[in-house]
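A.B. asks: My questions all concern the structure below.
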There are 2 protein chains.
Amino acid sequence: MKHRTALALITLALSASSCATTDGDHQPGPLLIQEQGSFAAGGTVITAPGTFDPIKQGSYNPAGPDSAGQTLHGDHVYASYEIPANARKLPLVFWHGHGQSAKTWESTPDGREGFQNLFLRRRFPVYLIDQPRRGRAARSTQPVTMTAAPDEQLWFGIFRLGLWPDFYPGVQFSSEPEALDQFFRQMVPNTGPYDAEVNSDAVSALFGRIGPGILVTHSQSGGLGWRTAIKNRNVRAIVSYEPGAGFAFPPGEVPELTMSTGVTVRGTEVPLPDFLQLTKIPIVMYYGDFIAEAPTPNPGQDQWRVTLAMARLFRDAVNRHGGDVTVVHLPELGVRGNTHFPMSDLNNVQIADLLSQFLKQKGLD
Amino acid sequence: MKHRTALALITLALSASSCATTDGDHQPGPLLIQEQGSFAAGGTVITAPGTFDPIKQGSYNPAGPDSAGQTLHGDHVYASYEIPANARKLPLVFWHGHGQSAKTWESTPDGREGFQNLFLRRRFPVYLIDQPRRGRAARSTQPVTMTAAPDEQLWFGIFRLGLWPDFYPGVQFSSEPEALDQFFRQMVPNTGPYDAEVNSDAVSALFGRIGPGILVTHSQSGGLGWRTAIKNRNVRAIVSYEPGAGFAFPPGEVPELTMSTGVTVRGTEVPLPDFLQLTKIPIVMYYGDFIAEAPTPNPGQDQWRVTLAMARLFRDAVNRHGGDVTVVHLPELGVRGNTHFPMSDLNNVQIADLLSQFLKQKGLD
C-alpha cells in the first residue's frame, strides 16, 4: 500500500509538472486547478405590493404563489470560474451568443476539448457565463411565453453548417450524426424578453467584481460586448467570434447595408464619448468560411456577407478615431471550413492558437 | 527565470501530492483534474409537419420561425463532469431539486466550497446535472408561460431558513445579506411543464452512458431518483438530501398523511417488481433541523414533519421487503441548525463527512 501510494505521488507530481510547464501550446494531461466556483453578479430585485404573511402564504401551491409582499431576484448573470495554478494575470471571460449558454465553450459537439479547457491549459483564468434570462441565470423579472417551436434547420443555415440538409463541402464540423444531435441540444431559449441593457449591465457588474479581464464574445454577445466595454473600464480587450449585430457608431457615421432579401441593417448609434471608449482597448474579430462575397439568395450566407461588411465599417470607424481594431476573415489566412462556431469547430486548436498569438502580440498574456 | 520555474514546479508537485493523498478529509490546495467536459443525454426530437425550404425559411424572424418541416431536440439532461486524478471507481451524480440547477452543488451562497469541490478533493468523479427543462437543458418539447411571480419569501420558509423575516436561531446559514441574495439568485424556473417521466428517462439515459454510479438527489429529485433507479441498474446507491415527494410504495402498502392545513399527502404506487428494485441498492436519506414534531401552523415546518414521516414509512416498506434504507435525522446525531440545503449549509464539510462515512461503510468508495 505504501509503495502504491508513493508511485501514485510520483506519477501525479510528474503530471502536475507537465501541466504547469504548458505555455501556449495544446498539451494533454491533467489540469491543475487552484480554485473553482460559481456565483451570480448584477441583476435587480422586484417586490410585489402588499405584505407577506408567512403562515397564510407559506404553503406551496402548484397553481402559483400568492405574491403579495414577496420579492424576486432576477436579471443577474451566472458565472463559473476555474483558475489554474500559476495563472496568467488577466482572465478570459467567455460570453455565449443567441440561443446558447456557457456550453458553447465547453466540450465540442463531437466530444473534444473546447476553449474552456484549451485556455486553462494555457494558464488563463477562465470565466464562463450564462447571460441574464438564460441557462442558470434564467430568473427573469419579466414574464415570457416559450413556444417550443421547431427551428433547428433555420439555425443549421444561419450557423453556416450548410444549406439544409447538406453540409458545406470541407466544413469543420463532424459528420457523425451524434455531433449534430449534441449541437442542437446545446441550444437554450430566452427565459425573459431579450434586453441588451439588462445583459450588458449584468456583465459589467461581473467585471466590477472580478476586476480587469479580457472579454470573449460570440455572435449576439458581440454587440453586447461593445456596450459592456463602454460601461466598464475593467474590460481590457475584446475578442469577438463572428459578432452579429449592434455594431456601435458615433452620430453622423452610422452606416446602412442591405441584405439580398431587401432588409436593411443599420449600425447602432451611441454618443461620441461612449464610442471613443472603444478606441482605448484592443479589439479583434474573427469570421469563418462560407460567407458570401456578393448578394445571394442563401439567407445564411447572405446575412453574414452583410455582417462582415458592417464589422469592417465598424473597424474603420473605430480606427479612424484612433482605435486598434482588427477583423480577421479566416479564409484570407488560409484557414478554411469554419462555421459560425470556430471555438468548437474541428480545427478549434488552430483557432485558439490565433487567439494566443493575438494576446501575446498585445501584451495581454 | 529558470529558478522561478523550478520553484513553481516543486510547489506544484507538492500541492498535487497533498491533493492526491486526501482521503476522506477536507484539504485545501489545488485540484488535479484528469478530465472535464459536458454533454447532453437522453431527450427526444419533435418535427413540425411540412417540408423545410432553406431559402424561404432560412432568415431569422424575431417574431418566431416558420416551423414547417423543422425539428427541435429537447427534454435531454445537461451534464458536466470533472474526473480527478487517481479517481475512485464510482462517480457521484448530483441532481438538484425544485427551482434549482447544478449550482446547488457548486460554491455556497456565502462563497465557500460546495459538494462539487469537496468530493473532488475526496477523489470522486463528479457529475453535475441540469435536469430536462431547466438551466442549460432548457430546450423543452412543450410550451410554457413563465410568470416571473415573486415567491422568495415562500421558499425562505419551505427551505427552512426561518419564518420570514426571521432566521431560525442557530440556523446554519450565513447572516450576511449577500449570502441570501446569492441564494435567491441560484433559483431557476421550469422552462417546460414538470414531468417526472421526462426527468427520470433523461437521467436514466445519462447512467446508460456513464455506467455505474451513485445518485445524489435533493428535495424534488428525491422522488425522481427512485424512478431512475427502477429504470436503470447502473444506479448503485442513492443518497438523498431531504427527498420531498414521490416516495414509492407497492400496491396495498401506500400510506396517506395529513398536513396541518388539512391537505393529504399520499405515497406513489408503483408495481411490486419495480418497488423491489429499490431493495437491491443501499439508500440513505438525510433531513435537517427545524422540522416540527407535532402539527404546527408554520407551513415550512409542517410540510417537512409530514415528509419526514413519509420518508420513514418508505424506509420501513423497503426494508420490510429486504432493502437497505437509512433515514438520518441530523439533530438526532447532534448535528443542528441545518436547512433544506445541508450540502451548502455552514457545516457542509461535516455533512460531507457523514456521506463519506456512509460510502465507506457500504463499500462504495
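Residue numbering restarts at 1 for every chain of the C-alpha cells, chains are lettered A, B, ... in their displayed order, and ligands are numbered from 1 as they appear.
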If you run DSSP on the backbone, which residues of segment 155-287 of chain A are strand (DSSP E), as a PyMOL selection string?
C.D. replies: chain A and resi 162-163+166-167+213-218+235-241+248-249+256-258+264-266+268-269+282-287
A.B. asks: Do a neighbour search on Gly37 of chain A at 10 Å with only C-alpha atoms, toss out local chain neighbours closer than 6 positions, and write the hits as a PDB file with C-alpha atoms, in the first residue's frame.
C.D. replies:
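Writing done, so here's around.pdb:
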ATOM      1  CA  ALA A  79     -20.595  32.862 -13.797  1.00  0.00           C
ATOM      2  CA  SER A  80     -18.484  29.808 -13.089  1.00  0.00           C
ATOM      3  CA  TYR A  81     -14.722  30.093 -12.959  1.00  0.00           C
ATOM      4  CA  GLU A  82     -11.595  27.978 -12.880  1.00  0.00           C
ATOM      5  CA  ILE A  83      -8.239  29.487 -12.017  1.00  0.00           C
ATOM      6  CA  TYR A 127     -14.888  32.512 -16.561  1.00  0.00           C
TER       7      TYR A 127
ATOM      8  CA  LYS B 103     -25.480  25.472  -8.891  1.00  0.00           C
ATOM      9  CA  TRP B 105     -23.683  21.741  -5.521  1.00  0.00           C
ATOM     10  CA  GLU B 106     -21.167  24.438  -6.501  1.00  0.00           C
ATOM     11  CA  SER B 107     -19.962  27.382  -4.394  1.00  0.00           C
ATOM     12  CA  THR B 108     -22.221  28.004  -1.406  1.00  0.00           C
ATOM     13  CA  GLY B 111     -18.800  31.667  -1.167  1.00  0.00           C
ATOM     14  CA  ARG B 112     -17.350  28.509   0.412  1.00  0.00           C
ATOM     15  CA  GLU B 113     -16.741  25.260  -1.450  1.00  0.00           C
ATOM     16  CA  GLY B 114     -19.792  23.129  -2.147  1.00  0.00           C
ATOM     17  CA  GLN B 116     -18.621  19.648  -6.114  1.00  0.00           C
ATOM     18  CA  ASN B 117     -15.213  20.630  -4.790  1.00  0.00           C
TER      19      ASN B 117
END
A.B. asks: Taking only segment 5-220 of chain B into account, list the residues labelled helix (DSSP H, G or I) by DSSP (computed from the backbone), as a ChimeraX atom specification.
C.D. replies: /B:5-21,102-105,115-121,152-158,177-185,196-210,220
A.B. asks: How far is it from atom CA of Leu72 of chain B to atom CA of Phe173 of chain A, in Å with one decimal?
C.D. replies: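 Distance reported for this atom pair: 19.6 Å.
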A.B. asks: Please provide as a list in words all residues within 10 Å of Leu206 of chain A, with the sequence filter that same-chain residues fewer than 6 positions apart are discarded (counting only C-alpha atoms).
C.D. replies: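 Answer for this query is Phe39, Ala40, Ala41, Gly42, His76, Val77, Tyr78, Ala79, Val93, Ile129, Ser200, Asn232 and Asn234 of chain A.
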A.B. asks: So, with only C-alpha atoms as the atoms that count, which of A:Ser38, A:His321, A:Pro165, A:Leu364 lies closest to Thr104 of chain B?
C.D. replies: A:Ser38
A.B. asks: Quick one: contact table of segment 123-195 of chain B to segment 211-219 of chain B, 10 Å max, nearest atom pair and distance in Å to one decimal per residue, counting only C-alpha atoms, chain and number order, as a Markdown table?
C.D. replies:
| residue | atom | partner | partner_atom | distance |
| --- | --- | --- | --- | --- |
| B:Pro125 | CA | B:Gly213 | CA | 9.4 |
| B:Val126 | CA | B:Gly213 | CA | 9.9 |
| B:Tyr127 | CA | B:Leu215 | CA | 9.6 |
| B:Leu128 | CA | B:Val216 | CA | 9.9 |
| B:Phe159 | CA | B:Ser219 | CA | 9.7 |
A.B. asks: Write the residues of the selection above to a file with all heavy atoms, as a tab-separated table (two decimals), in the first residue's frame.
C.D. replies:
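Done, and the output landed in result32.tsv:
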chain	number	residue	atom	x	y	z
B	125	PRO	N	-15.09	11.04	-9.02
B	125	PRO	CA	-15.57	11.71	-10.23
B	125	PRO	C	-16.91	12.37	-9.90
B	125	PRO	O	-17.75	11.77	-9.23
B	125	PRO	CB	-15.77	10.56	-11.22
B	125	PRO	CG	-14.89	9.45	-10.71
B	125	PRO	CD	-14.91	9.60	-9.21
B	126	VAL	N	-17.09	13.60	-10.34
B	126	VAL	CA	-18.29	14.37	-10.01
B	126	VAL	C	-19.03	14.77	-11.29
B	126	VAL	O	-18.44	15.38	-12.18
B	126	VAL	CB	-17.91	15.64	-9.20
B	126	VAL	CG1	-19.08	16.62	-9.14
B	126	VAL	CG2	-17.45	15.26	-7.79
B	127	TYR	N	-20.30	14.38	-11.35
B	127	TYR	CA	-21.19	14.83	-12.43
B	127	TYR	C	-22.22	15.77	-11.83
B	127	TYR	O	-22.82	15.44	-10.81
B	127	TYR	CB	-21.91	13.63	-13.08
B	127	TYR	CG	-21.03	12.79	-13.95
B	127	TYR	CD1	-20.10	11.91	-13.40
B	127	TYR	CD2	-21.10	12.86	-15.34
B	127	TYR	CE1	-19.28	11.14	-14.20
B	127	TYR	CE2	-20.27	12.09	-16.15
B	127	TYR	CZ	-19.36	11.23	-15.57
B	127	TYR	OH	-18.54	10.47	-16.37
B	128	LEU	N	-22.39	16.92	-12.46
B	128	LEU	CA	-23.43	17.87	-12.05
B	128	LEU	C	-24.43	17.98	-13.19
B	128	LEU	O	-24.03	18.15	-14.34
B	128	LEU	CB	-22.84	19.25	-11.78
B	128	LEU	CG	-21.73	19.37	-10.74
B	128	LEU	CD1	-21.30	20.84	-10.61
B	128	LEU	CD2	-22.18	18.84	-9.39
B	159	PHE	N	-37.71	26.24	2.54
B	159	PHE	CA	-36.31	25.81	2.63
B	159	PHE	C	-35.78	25.90	4.07
B	159	PHE	O	-34.61	25.67	4.33
B	159	PHE	CB	-35.44	26.62	1.67
B	159	PHE	CG	-35.74	26.37	0.20
B	159	PHE	CD1	-35.32	27.26	-0.77
B	159	PHE	CD2	-36.42	25.22	-0.22
B	159	PHE	CE1	-35.58	27.04	-2.13
B	159	PHE	CE2	-36.69	24.99	-1.57
B	159	PHE	CZ	-36.27	25.91	-2.52
A.B. asks: Within 6 Å of Phe249 of chain B, counting only C-alpha atoms, which residues show up once you throw out same-chain ones fewer than 6 positions away? Write them as a PyMOL selection string, please.
C.D. replies: chain B and resi 268-270
A.B. asks: For a test of reading the model, state the distance in Å between atom CA of Gly170 of chain A and atom CA of Phe341 of chain A, rounded to one decimal.
C.D. replies: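 According to the coordinates, atom CA of Gly170 of chain A and atom CA of Phe341 of chain A are separated by 14.8 Å.
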A.B. asks: Contacts of Thr44 of chain B at 8 Å or less, counting only C-alpha atoms, minus same-chain residues fewer than 2 places along, as a VMD selection string?
C.D. replies: chain B and resid 42 46 73 to 76 141
A.B. asks: Quick one: write out the picked residues with N, CA, C and O atoms as a PDB file, in the first residue's frame?
C.D. replies:
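For reference, part_12.pdb as written:
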ATOM      1  N   GLY B  42     -30.014  11.639 -23.346  1.00  0.00           N
ATOM      2  CA  GLY B  42     -31.449  11.391 -23.420  1.00  0.00           C
ATOM      3  C   GLY B  42     -32.160  12.455 -24.229  1.00  0.00           C
ATOM      4  O   GLY B  42     -31.563  13.134 -25.067  1.00  0.00           O
ATOM      5  N   ILE B  46     -38.794  16.450 -31.754  1.00  0.00           N
ATOM      6  CA  ILE B  46     -40.098  16.629 -32.391  1.00  0.00           C
ATOM      7  C   ILE B  46     -39.883  17.300 -33.752  1.00  0.00           C
ATOM      8  O   ILE B  46     -38.899  18.022 -33.957  1.00  0.00           O
ATOM      9  N   HIS B  73     -34.772  19.458 -30.816  1.00  0.00           N
ATOM     10  CA  HIS B  73     -34.225  18.473 -29.881  1.00  0.00           C
ATOM     11  C   HIS B  73     -34.419  19.024 -28.470  1.00  0.00           C
ATOM     12  O   HIS B  73     -33.900  20.104 -28.156  1.00  0.00           O
ATOM     13  N   GLY B  74     -35.143  18.314 -27.629  1.00  0.00           N
ATOM     14  CA  GLY B  74     -35.381  18.828 -26.281  1.00  0.00           C
ATOM     15  C   GLY B  74     -35.512  17.711 -25.261  1.00  0.00           C
ATOM     16  O   GLY B  74     -35.374  16.533 -25.579  1.00  0.00           O
ATOM     17  N   ASP B  75     -35.784  18.099 -24.021  1.00  0.00           N
ATOM     18  CA  ASP B  75     -36.100  17.181 -22.923  1.00  0.00           C
ATOM     19  C   ASP B  75     -34.934  16.284 -22.517  1.00  0.00           C
ATOM     20  O   ASP B  75     -35.125  15.276 -21.817  1.00  0.00           O
ATOM     21  N   HIS B  76     -33.718  16.649 -22.940  1.00  0.00           N
ATOM     22  CA  HIS B  76     -32.494  15.959 -22.511  1.00  0.00           C
ATOM     23  C   HIS B  76     -32.048  16.512 -21.155  1.00  0.00           C
ATOM     24  O   HIS B  76     -32.541  17.543 -20.692  1.00  0.00           O
ATOM     25  N   THR B 141     -39.748  20.303 -25.287  1.00  0.00           N
ATOM     26  CA  THR B 141     -40.590  19.991 -26.439  1.00  0.00           C
ATOM     27  C   THR B 141     -42.017  20.498 -26.237  1.00  0.00           C
ATOM     28  O   THR B 141     -42.835  20.395 -27.143  1.00  0.00           O
TER      29      THR B 141
END
A.B. asks: Under the rule that only C-alpha atoms are counted, which of B:Gln301, B:Thr51, B:Ser101, B:Gln277 is the nearest residue to chain A?
C.D. replies: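 Ranking B:Gln301, B:Thr51, B:Ser101, B:Gln277 by distance to chain A, first place goes to B:Ser101.
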